[in-house]
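Undergrad: Just so it is clear, I am handing over run19.txt, which has compact mmCIF, C-alpha atoms.
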```txt
# COMPACT_ATOMS: atom_id res chain seq x y z
CA MET W 320 0.00 0.00 0.00
CA THR W 321 1.05 3.61 -0.49
CA SER W 322 2.45 5.44 2.53
CA ARG W 323 0.64 8.63 1.60
CA PRO W 324 -3.01 8.93 2.78
CA THR W 325 -5.77 8.40 0.21
CA THR W 326 -9.05 10.15 -0.49
CA ILE W 327 -11.64 8.25 -2.54
CA VAL W 328 -14.14 10.52 -4.30
CA LEU W 329 -17.39 8.79 -5.30
CA ILE W 330 -18.82 10.95 -8.07
CA GLY W 331 -22.50 10.05 -8.15
CA ILE W 332 -22.61 8.61 -4.63
CA THR W 333 -26.43 8.60 -4.59
CA GLY W 334 -26.72 6.38 -7.69
CA ASP W 335 -27.35 2.63 -7.88
CA LEU W 336 -23.72 1.64 -8.50
CA ALA W 337 -22.46 3.47 -5.42
CA ARG W 338 -25.33 2.33 -3.22
CA LYS W 339 -25.36 -1.35 -4.25
CA LYS W 340 -21.68 -2.03 -4.98
CA LEU W 341 -19.19 0.62 -3.97
CA LEU W 342 -20.36 1.56 -0.48
CA PRO W 343 -20.73 -2.11 0.60
CA ALA W 344 -17.31 -2.90 -0.90
CA LEU W 345 -15.69 0.02 0.89
CA TYR W 346 -17.36 -0.88 4.18
CA ASP W 347 -16.13 -4.48 3.90
CA LEU W 348 -12.60 -3.25 3.20
CA TYR W 349 -12.88 -1.00 6.24
CA ILE W 350 -13.96 -3.71 8.69
CA ASN W 351 -11.12 -5.88 7.39
CA ASP W 352 -8.60 -3.10 8.16
CA LYS W 353 -7.77 -2.38 4.53
CA LEU W 354 -8.74 1.30 4.45
CA GLU W 355 -6.23 2.80 6.82
CA ASN W 356 -5.51 6.52 6.53
CA THR W 357 -8.39 6.98 4.06
CA LYS W 358 -11.26 9.42 3.57
CA ILE W 359 -14.34 8.92 1.38
CA VAL W 360 -15.98 11.94 -0.23
CA GLY W 361 -19.38 11.81 -1.90
CA PHE W 362 -19.96 14.24 -4.77
CA SER W 363 -23.46 14.52 -6.20
CA ARG W 364 -26.33 16.86 -7.03
CA ARG W 365 -28.48 16.06 -4.01
CA GLU W 366 -28.63 18.57 -1.14
CA PHE W 367 -27.14 16.73 1.82
CA GLY W 368 -25.80 17.97 5.12
CA GLU W 369 -23.35 16.03 7.29
CA LYS W 370 -26.10 14.08 9.06
CA GLU W 371 -28.01 13.33 5.84
CA ILE W 372 -25.02 11.85 4.01
CA LYS W 373 -24.08 9.66 6.96
CA ASP W 374 -27.69 8.46 7.29
CA PHE W 375 -27.78 7.75 3.54
CA VAL W 376 -24.59 5.70 3.68
CA LYS W 377 -25.76 3.74 6.73
CA GLU W 378 -29.11 2.95 5.08
CA ASN W 379 -27.25 1.20 2.24
CA LEU W 380 -25.04 -1.00 4.43
CA PRO W 381 -25.67 -4.15 6.50
CA THR W 382 -27.37 -3.30 9.80
CA GLU W 383 -26.11 -6.25 11.84
CA ASN W 384 -23.10 -5.33 13.99
CA PHE W 385 -22.67 -2.12 11.99
CA ASP W 386 -19.49 -0.25 12.89
CA GLU W 387 -20.53 3.39 13.30
CA ALA W 388 -16.88 4.48 13.11
CA PHE W 389 -16.99 3.87 9.33
CA LEU W 390 -19.18 6.96 9.04
CA ASP W 391 -16.30 9.10 10.33
CA LEU W 392 -14.60 8.48 6.97
CA ILE W 393 -17.53 10.01 5.04
CA THR W 394 -17.89 13.64 3.97
CA TYR W 395 -19.91 15.20 1.17
CA VAL W 396 -19.79 17.97 -1.40
CA GLN W 397 -22.95 19.00 -3.24
CA GLY W 398 -22.44 20.15 -6.80
CA GLN W 399 -23.54 20.02 -10.41
CA PHE W 400 -21.48 17.80 -12.71
CA ASP W 401 -21.37 20.49 -15.42
CA ASP W 402 -20.55 23.41 -13.11
CA LYS W 403 -16.89 24.44 -12.89
CA ASN W 404 -17.45 26.13 -9.55
CA SER W 405 -18.63 22.83 -8.08
CA TYR W 406 -15.22 21.30 -8.82
CA LYS W 407 -13.53 24.30 -7.23
CA LYS W 408 -15.65 23.66 -4.14
CA LEU W 409 -14.67 19.97 -4.27
CA SER W 410 -10.99 20.89 -4.56
CA GLU W 411 -11.21 23.20 -1.57
CA HIS W 412 -12.99 20.52 0.46
CA LEU W 413 -10.30 17.96 -0.36
CA SER W 414 -7.48 20.24 0.77
CA ASP W 415 -9.15 22.13 3.63
CA THR W 416 -11.06 19.22 5.17
CA CYS W 417 -9.78 15.79 4.07
CA ASP W 418 -6.07 16.54 3.75
CA LYS W 419 -6.13 18.55 6.97
CA GLU W 420 -7.72 15.67 8.90
CA LEU W 421 -5.36 13.15 7.29
CA GLY W 422 -2.35 15.28 8.14
CA ASP W 423 -0.89 15.32 4.63
CA CYS W 424 -1.81 16.02 1.01
CA SER W 425 -3.58 12.80 0.06
CA ASN W 426 -3.61 10.70 -3.09
CA LYS W 427 -6.89 11.11 -4.98
CA LEU W 428 -9.03 8.39 -6.53
CA PHE W 429 -12.03 9.62 -8.55
CA TYR W 430 -14.64 6.93 -9.18
CA LEU W 431 -17.17 7.89 -11.86
CA ALA W 432 -20.29 6.08 -10.63
CA VAL W 433 -22.39 7.86 -13.24
CA PRO W 434 -23.95 7.13 -16.67
CA PRO W 435 -21.45 7.13 -19.57
CA ASN W 436 -23.00 10.23 -21.14
CA LEU W 437 -21.52 12.23 -18.25
CA TYR W 438 -17.94 10.99 -18.67
CA GLU W 439 -16.81 13.76 -21.01
CA THR W 440 -18.18 16.58 -18.84
CA ILE W 441 -16.85 15.19 -15.57
CA CYS W 442 -13.43 14.18 -16.90
CA THR W 443 -12.95 17.59 -18.49
CA ASN W 444 -13.85 19.39 -15.27
CA ILE W 445 -11.60 17.17 -13.15
CA SER W 446 -8.70 17.99 -15.45
CA THR W 447 -9.29 21.71 -15.95
CA SER W 448 -9.88 22.27 -12.22
CA GLY W 449 -6.45 20.85 -11.41
CA LEU W 450 -7.87 17.88 -9.48
CA SER W 451 -5.91 15.50 -11.70
CA ILE W 452 -2.58 16.91 -10.51
CA PRO W 453 -1.18 14.57 -7.82
CA CYS W 454 0.40 15.66 -4.56
CA GLY W 455 4.16 15.60 -4.35
CA GLY W 456 4.79 15.00 -8.05
CA LYS W 457 5.83 11.40 -8.70
CA GLU W 458 5.41 10.52 -5.03
CA GLY W 459 1.62 10.80 -5.20
CA PHE W 460 -1.20 9.91 -7.56
CA ALA W 461 -4.50 11.14 -8.90
CA ARG W 462 -6.40 8.36 -10.69
CA ILE W 463 -9.74 8.10 -12.42
CA LEU W 464 -11.93 4.99 -12.59
CA ILE W 465 -14.56 4.62 -15.29
CA GLU W 466 -17.02 1.77 -15.88
CA LYS W 467 -17.99 0.16 -19.14
CA PRO W 468 -19.32 0.85 -21.71
CA PHE W 469 -16.30 2.63 -23.13
CA GLY W 470 -18.19 4.06 -26.10
CA LYS W 471 -21.02 2.47 -28.09
CA ASP W 472 -19.07 1.72 -31.27
CA LEU W 473 -15.56 2.17 -32.67
CA GLU W 474 -16.07 5.87 -33.45
CA THR W 475 -17.33 6.82 -29.99
CA ALA W 476 -14.69 4.61 -28.31
CA GLU W 477 -11.96 6.41 -30.25
CA LYS W 478 -13.46 9.78 -29.32
CA LEU W 479 -13.55 8.86 -25.61
CA ASP W 480 -10.02 7.49 -25.79
CA GLU W 481 -8.78 10.67 -27.46
CA LEU W 482 -10.41 12.76 -24.73
CA LEU W 483 -8.98 10.67 -21.89
CA GLY W 484 -5.54 10.70 -23.51
CA ARG W 485 -5.67 14.49 -23.74
CA LEU W 486 -6.76 14.99 -20.13
CA PHE W 487 -4.82 12.29 -18.27
CA ARG W 488 -1.76 10.11 -18.52
CA GLU W 489 -2.46 6.47 -19.38
CA ASP W 490 -1.24 5.39 -15.93
CA GLN W 491 -3.96 7.58 -14.39
CA ILE W 492 -6.81 5.89 -16.29
CA TYR W 493 -8.42 2.76 -14.84
CA ARG W 494 -11.10 1.27 -17.11
CA ILE W 495 -13.23 -1.24 -15.24
CA ASP W 496 -14.62 -4.55 -16.41
CA HIS W 497 -15.47 -6.18 -13.08
CA TYR W 498 -15.67 -9.59 -14.74
CA VAL W 499 -11.92 -9.53 -15.33
CA ALA W 500 -11.45 -8.93 -11.60
CA LYS W 501 -13.30 -12.11 -10.63
CA GLU W 502 -11.00 -14.65 -9.07
CA ALA W 503 -12.42 -17.55 -11.08
CA LEU W 504 -11.53 -15.83 -14.34
CA LEU W 505 -8.08 -14.84 -13.18
CA ASN W 506 -7.56 -18.51 -12.37
CA ILE W 507 -7.85 -19.24 -16.11
CA ILE W 508 -4.33 -17.92 -16.44
CA ASN W 509 -3.08 -20.24 -13.75
CA VAL W 510 -4.84 -23.25 -15.30
CA HIS W 511 -3.07 -23.08 -18.64
CA ARG W 512 0.19 -21.90 -17.10
CA LYS W 513 0.74 -24.17 -14.11
CA GLU W 514 -1.41 -27.32 -14.26
CA GLU W 515 0.78 -29.89 -15.98
CA SER W 516 -2.16 -32.06 -17.02
CA VAL W 517 -3.57 -29.17 -19.04
CA ALA W 518 -0.77 -26.72 -19.84
CA HIS W 519 0.89 -28.81 -22.55
CA ARG W 520 -2.49 -29.32 -24.27
CA TRP W 521 -3.59 -25.66 -24.18
CA ASN W 522 -3.00 -25.10 -27.91
CA THR W 523 -4.39 -25.53 -31.40
CA GLU W 524 -3.01 -29.05 -31.70
CA HIS W 525 -5.07 -30.36 -28.80
CA VAL W 526 -8.07 -28.03 -28.35
CA GLU W 527 -11.21 -28.76 -30.38
CA LYS W 528 -13.23 -25.70 -29.35
CA VAL W 529 -13.85 -23.24 -26.53
CA GLU W 530 -17.34 -22.25 -25.38
CA ILE W 531 -17.86 -19.09 -23.34
CA ASP W 532 -21.34 -18.68 -21.85
CA LEU W 533 -22.98 -15.91 -19.86
CA PHE W 534 -26.64 -16.73 -19.14
CA GLU W 535 -29.11 -14.84 -16.96
CA THR W 536 -32.63 -15.60 -15.75
CA ALA W 537 -33.34 -11.88 -15.32
CA THR W 538 -35.07 -9.77 -17.96
CA VAL W 539 -33.92 -6.23 -18.77
CA GLY W 540 -36.25 -4.98 -16.04
CA SER W 541 -35.85 -1.25 -15.44
CA ARG W 542 -32.93 -1.04 -17.90
CA GLY W 543 -35.19 -1.03 -20.96
CA SER W 544 -34.50 2.52 -22.10
CA SER W 545 -30.70 2.15 -21.82
CA TYR W 546 -30.57 -1.46 -23.08
CA ASP W 547 -32.76 -1.04 -26.17
CA GLY W 548 -30.65 -0.21 -29.19
CA VAL W 549 -27.59 -1.67 -27.45
CA GLY W 550 -28.44 -5.33 -27.02
CA ALA W 551 -26.66 -8.34 -25.58
CA PHE W 552 -23.78 -8.32 -28.07
CA CYS W 553 -22.61 -4.81 -27.15
CA ASP W 554 -23.73 -5.04 -23.51
CA VAL W 555 -21.66 -8.11 -22.58
CA GLY W 556 -20.13 -9.50 -25.79
CA GLN W 557 -17.90 -6.52 -26.56
CA ASN W 558 -16.42 -6.56 -23.07
CA HIS W 559 -17.03 -9.50 -20.72
CA LEU W 560 -16.99 -12.31 -23.28
CA LEU W 561 -14.14 -10.96 -25.39
CA GLN W 562 -12.13 -10.37 -22.22
CA MET W 563 -12.75 -13.98 -21.20
CA LEU W 564 -11.67 -15.08 -24.68
CA SER W 565 -8.44 -13.11 -24.37
CA LEU W 566 -7.65 -14.73 -21.01
CA VAL W 567 -8.11 -18.19 -22.51
CA ALA W 568 -6.22 -17.55 -25.75
CA MET W 569 -3.41 -15.29 -24.57
CA ASP W 570 0.20 -16.42 -24.46
CA ILE W 571 1.30 -16.21 -20.85
CA PRO W 572 4.15 -13.70 -20.40
CA ASP W 573 7.24 -14.60 -18.39
CA SER W 574 6.33 -11.99 -15.81
CA PHE W 575 2.95 -11.12 -14.32
CA GLU W 576 3.61 -7.41 -14.59
CA PRO W 577 0.32 -5.58 -15.28
CA LYS W 578 1.56 -4.04 -18.54
CA LEU W 579 2.61 -7.45 -19.85
CA ILE W 580 -0.74 -9.04 -18.97
CA GLN W 581 -2.59 -6.18 -20.65
CA LYS W 582 -0.32 -6.48 -23.69
CA SER W 583 -0.95 -10.23 -23.95
CA ARG W 584 -4.73 -9.70 -23.84
CA ALA W 585 -4.50 -6.88 -26.39
CA ASP W 586 -2.34 -8.99 -28.72
CA ILE W 587 -5.14 -11.58 -28.87
CA LEU W 588 -7.94 -9.06 -29.31
CA GLU W 589 -6.06 -7.39 -32.17
CA HIS W 590 -5.80 -10.78 -33.89
CA LEU W 591 -9.51 -11.62 -33.88
CA VAL W 592 -10.26 -12.81 -37.40
CA PRO W 593 -12.44 -10.29 -39.26
CA THR W 594 -15.98 -11.59 -39.54
CA THR W 595 -17.08 -12.73 -43.00
CA GLU W 596 -20.55 -12.43 -44.52
CA LYS W 597 -20.96 -16.16 -43.87
CA ASP W 598 -20.11 -15.70 -40.18
CA ILE W 599 -22.63 -12.88 -39.90
CA ARG W 600 -25.35 -14.96 -41.58
CA GLU W 601 -24.66 -17.76 -39.12
CA MET W 602 -24.76 -15.48 -36.07
CA SER W 603 -27.80 -16.26 -33.94
CA ARG W 604 -29.81 -13.36 -32.50
CA GLY W 605 -32.87 -13.85 -30.32
CA GLN W 606 -35.33 -11.76 -28.33
CA TYR W 607 -37.42 -13.03 -25.45
CA GLU W 608 -41.19 -12.82 -25.78
CA GLY W 609 -42.52 -9.69 -24.14
CA TYR W 610 -39.28 -7.71 -24.49
CA VAL W 611 -40.99 -5.02 -26.60
CA GLU W 612 -43.51 -4.53 -23.77
CA GLU W 613 -40.79 -3.64 -21.25
CA PRO W 614 -40.73 0.02 -20.07
CA GLY W 615 -38.52 2.13 -22.33
CA VAL W 616 -38.35 -0.42 -25.17
CA ALA W 617 -39.54 0.48 -28.69
CA THR W 618 -42.54 -1.59 -29.77
CA ASP W 619 -40.83 -2.46 -33.06
CA SER W 620 -37.40 -3.09 -31.50
CA THR W 621 -35.00 -5.48 -33.26
CA THR W 622 -32.57 -5.43 -30.30
CA GLU W 623 -31.29 -8.89 -29.38
CA THR W 624 -31.47 -10.21 -25.81
CA PHE W 625 -29.62 -13.40 -26.84
CA PHE W 626 -26.76 -14.02 -29.23
CA SER W 627 -24.42 -16.78 -30.30
CA ILE W 628 -21.42 -16.28 -32.55
CA THR W 629 -18.29 -18.25 -33.41
CA VAL W 630 -15.03 -16.32 -33.64
CA ARG W 631 -11.36 -17.20 -34.10
CA VAL W 632 -7.94 -15.66 -33.63
CA ASP W 633 -5.16 -15.97 -36.21
CA ASP W 634 -2.18 -15.79 -33.86
CA GLY W 635 -0.91 -17.42 -30.69
CA THR W 636 -1.19 -20.95 -29.35
CA MET W 637 -4.98 -20.98 -29.94
CA ALA W 638 -4.83 -19.77 -33.55
CA GLY W 639 -7.72 -21.22 -35.55
CA VAL W 640 -9.59 -22.71 -32.58
CA PRO W 641 -13.33 -21.86 -32.73
CA PHE W 642 -14.56 -19.80 -29.77
CA VAL W 643 -18.34 -20.02 -29.39
CA LEU W 644 -19.62 -16.97 -27.50
CA LYS W 645 -23.17 -17.12 -26.11
CA SER W 646 -25.11 -14.82 -23.85
CA GLY W 647 -28.73 -14.08 -23.13
CA LYS W 648 -31.37 -12.82 -20.73
CA ALA W 649 -34.60 -14.43 -19.50
CA LEU W 650 -33.11 -17.91 -19.78
CA SER W 651 -33.55 -21.00 -17.60
CA GLU W 652 -30.43 -20.53 -15.49
CA ASN W 653 -27.80 -18.14 -14.25
CA LEU W 654 -24.53 -19.48 -15.53
CA THR W 655 -21.17 -18.04 -16.50
CA GLN W 656 -18.56 -20.53 -17.61
CA VAL W 657 -15.69 -21.32 -19.94
CA VAL W 658 -15.65 -24.86 -21.35
CA VAL W 659 -12.53 -26.04 -23.15
CA THR W 660 -13.13 -29.21 -25.20
CA PHE W 661 -10.05 -31.18 -26.21
CA LYS W 662 -9.70 -33.29 -29.33
CA ASP W 663 -9.43 -36.46 -27.23
CA GLY W 664 -13.02 -35.90 -26.06
CA LYS W 665 -12.14 -34.63 -22.59
CA SER W 666 -13.24 -31.20 -21.44
CA LEU W 667 -12.44 -28.68 -18.74
CA ALA W 668 -15.13 -26.38 -17.33
CA ILE W 669 -14.20 -23.24 -15.45
CA SER W 670 -17.29 -21.84 -13.72
CA VAL W 671 -17.65 -18.27 -12.55
CA PRO W 672 -19.77 -18.02 -9.38
CA PRO W 673 -23.20 -16.34 -9.62
CA GLU W 674 -23.19 -12.57 -9.60
CA ASN W 675 -21.61 -11.42 -6.37
CA SER W 676 -19.44 -8.61 -7.53
CA LEU W 677 -18.62 -7.32 -4.03
CA PRO W 678 -15.21 -9.11 -3.96
CA ALA W 679 -14.55 -7.92 -7.51
CA TYR W 680 -15.20 -4.30 -6.55
CA GLN W 681 -13.06 -4.69 -3.46
CA LYS W 682 -10.21 -5.89 -5.67
CA ILE W 683 -10.82 -3.06 -8.14
CA LEU W 684 -10.58 -0.43 -5.40
CA LEU W 685 -7.52 -1.92 -3.73
CA ASP W 686 -5.69 -2.48 -7.02
CA CYS W 687 -6.34 1.11 -8.04
CA ILE W 688 -4.94 2.36 -4.74
CA ILE W 689 -1.73 0.34 -5.12
CA GLY W 690 -1.49 1.10 -8.85
CA ASP W 691 -1.89 -2.45 -10.18
CA GLN W 692 -3.61 -2.28 -13.60
CA THR W 693 -3.70 -6.06 -14.26
CA VAL W 694 -7.50 -6.31 -14.08
CA PHE W 695 -8.12 -2.99 -15.80
CA ILE W 696 -8.64 -2.56 -19.53
CA SER W 697 -6.05 -0.79 -21.68
CA THR W 698 -6.69 1.54 -24.60
CA ARG W 699 -5.48 -1.13 -27.04
CA GLU W 700 -7.98 -3.65 -25.70
CA VAL W 701 -10.96 -1.32 -25.86
CA LEU W 702 -10.27 -0.23 -29.43
CA ALA W 703 -9.53 -3.79 -30.60
CA GLU W 704 -12.84 -5.02 -29.17
CA TRP W 705 -14.85 -2.28 -30.86
CA LYS W 706 -12.95 -2.65 -34.14
CA PHE W 707 -13.99 -6.30 -34.21
CA ILE W 708 -17.65 -6.03 -33.23
CA THR W 709 -18.72 -2.72 -34.82
CA PRO W 710 -18.99 -4.16 -38.39
CA ILE W 711 -21.00 -7.09 -37.02
CA VAL W 712 -23.40 -4.78 -35.18
CA GLU W 713 -23.85 -2.59 -38.24
CA ALA W 714 -24.59 -5.62 -40.41
CA THR W 715 -27.10 -7.24 -38.05
CA GLN W 716 -28.80 -4.61 -35.92
CA LYS W 717 -31.76 -4.18 -38.26
CA ASN W 718 -32.30 -7.92 -38.75
CA LYS W 719 -35.34 -9.24 -36.94
CA PRO W 720 -34.29 -11.63 -34.13
CA PHE W 721 -36.09 -14.90 -33.51
CA LEU W 722 -38.45 -15.01 -30.50
CA TYR W 723 -37.93 -17.32 -27.55
CA LYS W 724 -39.97 -17.97 -24.44
CA LYS W 725 -38.83 -16.67 -21.09
CA GLY W 726 -37.08 -19.41 -19.17
CA SER W 727 -35.83 -21.17 -22.30
CA ASP W 728 -32.94 -23.60 -22.04
CA PRO W 729 -29.98 -21.96 -23.86
CA ALA W 730 -28.81 -25.42 -24.95
CA ILE W 731 -31.60 -25.51 -27.56
CA PHE W 732 -30.26 -22.46 -29.41
```
Just give me the structure as structure tokens.
TA:
Amino acid sequence: MTSRPTTIVLIGITGDLARKKLLPALYDLYINDKLENTKIVGFSRREFGEKEIKDFVKENLPTENFDEAFLDLITYVQGQFDDKNSYKKLSEHLSDTCDKELGDCSNKLFYLAVPPNLYETICTNISTSGLSIPCGGKEGFARILIEKPFGKDLETAEKLDELLGRLFREDQIYRIDHYVAKEALLNIINVHRKEESVAHRWNTEHVEKVEIDLFETATVGSRGSSYDGVGAFCDVGQNHLLQMLSLVAMDIPDSFEPKLIQKSRADILEHLVPTTEKDIREMSRGQYEGYVEEPGVATDSTTETFFSITVRVDDGTMAGVPFVLKSGKALSENLTQVVVTFKDGKSLAISVPPENSLPAYQKILLDCIIGDQTVFISTREVLAEWKFITPIVEATQKNKPFLYKKGSDPAIF
């Protein structure tokens, strides 16, 4: 851990992400003595006084044996995300309140727990207000964490990347895909690196195919307005599934340095074989019955809630192996897994536990504090993913998907 104190700024503290994921993760880190010499600042539009913000935080945390001392870490600044003066007020609060209480100029971690359409405004204001300048030069840090989606196609991803590159150094930018931070997925690397029974067969010569599945029983629910027009392929295929593919197919570097792991993943993603017209015709796109009746969904929507596509890479030890990517909502089970089938008929299944992203967010926060970017997504990875899927989306988005009943078994597709 860094010797300098740290202030974590939750931008959008009153939103769902902060309430459901970040505050519980931070509280768990606190009770396990992993947030020493730390302050947490909420920054949002809502009018809160000191009592109101502490009550709000407590309401969103477990009540049993609650440690009231955690609330001493919490302060709040009310402001508008597009108002420069609000960032000046935030800056003054960080120096006059947090740093004063911590006894030193603290490292700053800005977590954007806000919708992606606010990224440009907030990032620009953080930079122009001087909040991105770390204390003590190279001795300190100021880092920014942003959640997926990183753009909605190649053009918007490039625009966001250009903006971030102009405002911050690459080592200040932490792009989050919490699936990559899950321990079960990180174990994929260890499986084909260390297990002798598997490692020597983890290549084109021995692997028949790889299936990567992400199935959910849930419908889009209240996400209809943001999900419609995006669909399963962009929502989880562009990021979660392609990241899982890169972990399976990557050549393991000699060192586990974050930059080398990111490079190995990017090398695979940049060698995804361009999709042919035949591949696009064979791509399966489905929509569960009743999707168009969900709040916020267009009645004539052609957005897919299920997809299946086979892709390949043309480099590395898995060159030419078919990767079957499948994901869907309103299915019969919650299941995330990677299944490697070998040519001798044997298979290896690596299951990812049901959605409990609290440990993943704990890892994300701790890794950002110590400066470990292993589980964060690099610029190369983001652009390679969008470069691959954008032509597929453009070619298929207007095609009418097949209908399937809620609770369908994904094995039948």
Undergrad: With distances taken over only C-alpha atoms, which residue among W:Asn356, W:Glu576, W:Phe626, W:Ile452 lies nearest Glu420 (chain W)?
TA: W:Asn356
Undergrad: Rank W:Glu704, W:Asp391, W:Glu474, W:Asp335 by their smallest atom-to-atom distance to Gly556 (chain W), using all atoms listed in the file, and report the top residue only.
TA: W:Glu704
Undergrad: Excluding Lys724 (chain W) and residues on its chain fewer than 4 positions from it, collect all residues at most 9 Å away from it, counting all atoms listed in the file, and give them as a CSV table (one decimal) with C-alpha atoms, in the coordinates of the input.
TA:
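And here is the file that came out, around16.csv:
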```
chain,number,residue,atom,x,y,z
W,606,GLN,CA,-35.3,-11.8,-28.3
W,607,TYR,CA,-37.4,-13.0,-25.4
W,608,GLU,CA,-41.2,-12.8,-25.8
W,609,GLY,CA,-42.5,-9.7,-24.1
W,649,ALA,CA,-34.6,-14.4,-19.5
W,650,LEU,CA,-33.1,-17.9,-19.8
```
Undergrad: For Lys353 (chain W), which residue out of W:Ile463, W:Cys424, W:Leu380, W:Leu685 is the nearest one, using all atoms listed in the file?
TA: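 Among the listed residues, the smallest separation from Lys353 (chain W) belongs to W:Leu685.
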Undergrad: Between W:Val671, W:Leu588, W:Leu437, W:Leu684, which one has atoms that come closest to Leu702 (chain W), using all atoms listed in the file?
TA: W:Leu588
Undergrad: For each of W:Ile688, W:Leu392, W:Ala568, W:Val643, take the minimum atom-to-atom distance to Ile508 (chain W), counting all atoms listed in the file, then give the residue where this is smallest.
TA: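 Closest to Ile508 (chain W), using all atoms listed in the file: W:Ala568.
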Undergrad: Could you name the residues that touch Asp496 (chain W) at 9 Å or less, counting all atoms listed in the file, but leaving out those on the same chain fewer than 3 positions away, as a list of chain:residue names?
TA: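 Here the answer would be W:Glu466, W:Lys467, W:Pro468, W:Val499, W:Ala500, W:Asn558, W:His559, W:Gln562, W:Val694, W:Phe695, W:Ile696.
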Undergrad: Atoms to include: C-alpha atoms. Write the selected residues as a PDB file, in the coordinates of the input.
TA:
```pdb
ATOM      1  CA  GLU W 466     -17.020   1.770 -15.880  1.00  0.00           C
ATOM      2  CA  LYS W 467     -17.990   0.160 -19.140  1.00  0.00           C
ATOM      3  CA  PRO W 468     -19.320   0.850 -21.710  1.00  0.00           C
ATOM      4  CA  VAL W 499     -11.920  -9.530 -15.330  1.00  0.00           C
ATOM      5  CA  ALA W 500     -11.450  -8.930 -11.600  1.00  0.00           C
ATOM      6  CA  ASN W 558     -16.420  -6.560 -23.070  1.00  0.00           C
ATOM      7  CA  HIS W 559     -17.030  -9.500 -20.720  1.00  0.00           C
ATOM      8  CA  GLN W 562     -12.130 -10.370 -22.220  1.00  0.00           C
ATOM      9  CA  VAL W 694      -7.500  -6.310 -14.080  1.00  0.00           C
ATOM     10  CA  PHE W 695      -8.120  -2.990 -15.800  1.00  0.00           C
ATOM     11  CA  ILE W 696      -8.640  -2.560 -19.530  1.00  0.00           C
TER      12      ILE W 696
END
```
Undergrad: Could you state the separation of CA of Ser574 (chain W) and CA of Phe487 (chain W) in Å, given to one decimal place?
TA: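 If I compute the distance from CA of Ser574 (chain W) to CA of Phe487 (chain W), I get 26.8 Å.
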Undergrad: Smallest atom-to-atom distance to Lys427 (chain W): which of W:Leu566, W:Ala537, W:Leu482, W:Cys687, using all atoms listed in the file?
TA: W:Cys687
Undergrad: Interatomic distance between CA of Pro614 (chain W) and CA of Lys648 (chain W)?
TA: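 Value for the CA of Pro614 (chain W)-CA of Lys648 (chain W) distance: 15.9 Å.
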Undergrad: With a distance cut-off of 7 Å and only C-alpha atoms, select the neighbouring residues of region 653-662 of chain W, excluding the residue or stretch itself and same-chain residues fewer than 6 positions from it, and output the selection as a count of residues only.
TA: 17
Undergrad: What separation in Å, quoted to one decimal, exists between CA of Val630 (chain W) and CA of Phe642 (chain W)?
TA: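 Interatomic distance here is 5.2 Å.
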Undergrad: Need to verify the contact set: Tyr430 (chain W), 10 Å, all atoms listed in the file, exclusion of same-chain residues closer than 4 positions in sequence. Can you return it as an MDAnalysis selection string?
TA: chainID W and resid 327:332 337 341 361 462:466 493 684
Undergrad: Could the residues in this selection be written to a file with C-alpha atoms, as a short mmCIF file (atom, residue, chain, number, x, y, z; two decimals), in the frame of the given file?
TA:
```
data_model
loop_
_atom_site.label_atom_id
_atom_site.label_comp_id
_atom_site.auth_asym_id
_atom_site.auth_seq_id
_atom_site.Cartn_x
_atom_site.Cartn_y
_atom_site.Cartn_z
CA ILE W 327 -11.64 8.25 -2.54
CA VAL W 328 -14.14 10.52 -4.30
CA LEU W 329 -17.39 8.79 -5.30
CA ILE W 330 -18.82 10.95 -8.07
CA GLY W 331 -22.50 10.05 -8.15
CA ILE W 332 -22.61 8.61 -4.63
CA ALA W 337 -22.46 3.47 -5.42
CA LEU W 341 -19.19 0.62 -3.97
CA GLY W 361 -19.38 11.81 -1.90
CA ARG W 462 -6.40 8.36 -10.69
CA ILE W 463 -9.74 8.10 -12.42
CA LEU W 464 -11.93 4.99 -12.59
CA ILE W 465 -14.56 4.62 -15.29
CA GLU W 466 -17.02 1.77 -15.88
CA TYR W 493 -8.42 2.76 -14.84
CA LEU W 684 -10.58 -0.43 -5.40
#
```
Undergrad: With a distance cut-off of 12 Å and only C-alpha atoms, select the neighbouring residues of Asp586 (chain W), excluding the residue or stretch itself and same-chain residues fewer than 4 positions from it, and output the selection as a count of residues only.
TA: 27
Undergrad: Could you pull out every residue with an atom within 12 Å of (-39.7, 2.5, -25.9), file coordinates, counting only C-alpha atoms, and send them as a PyMOL selection string?
TA: chain W and resi 541-548+610-622
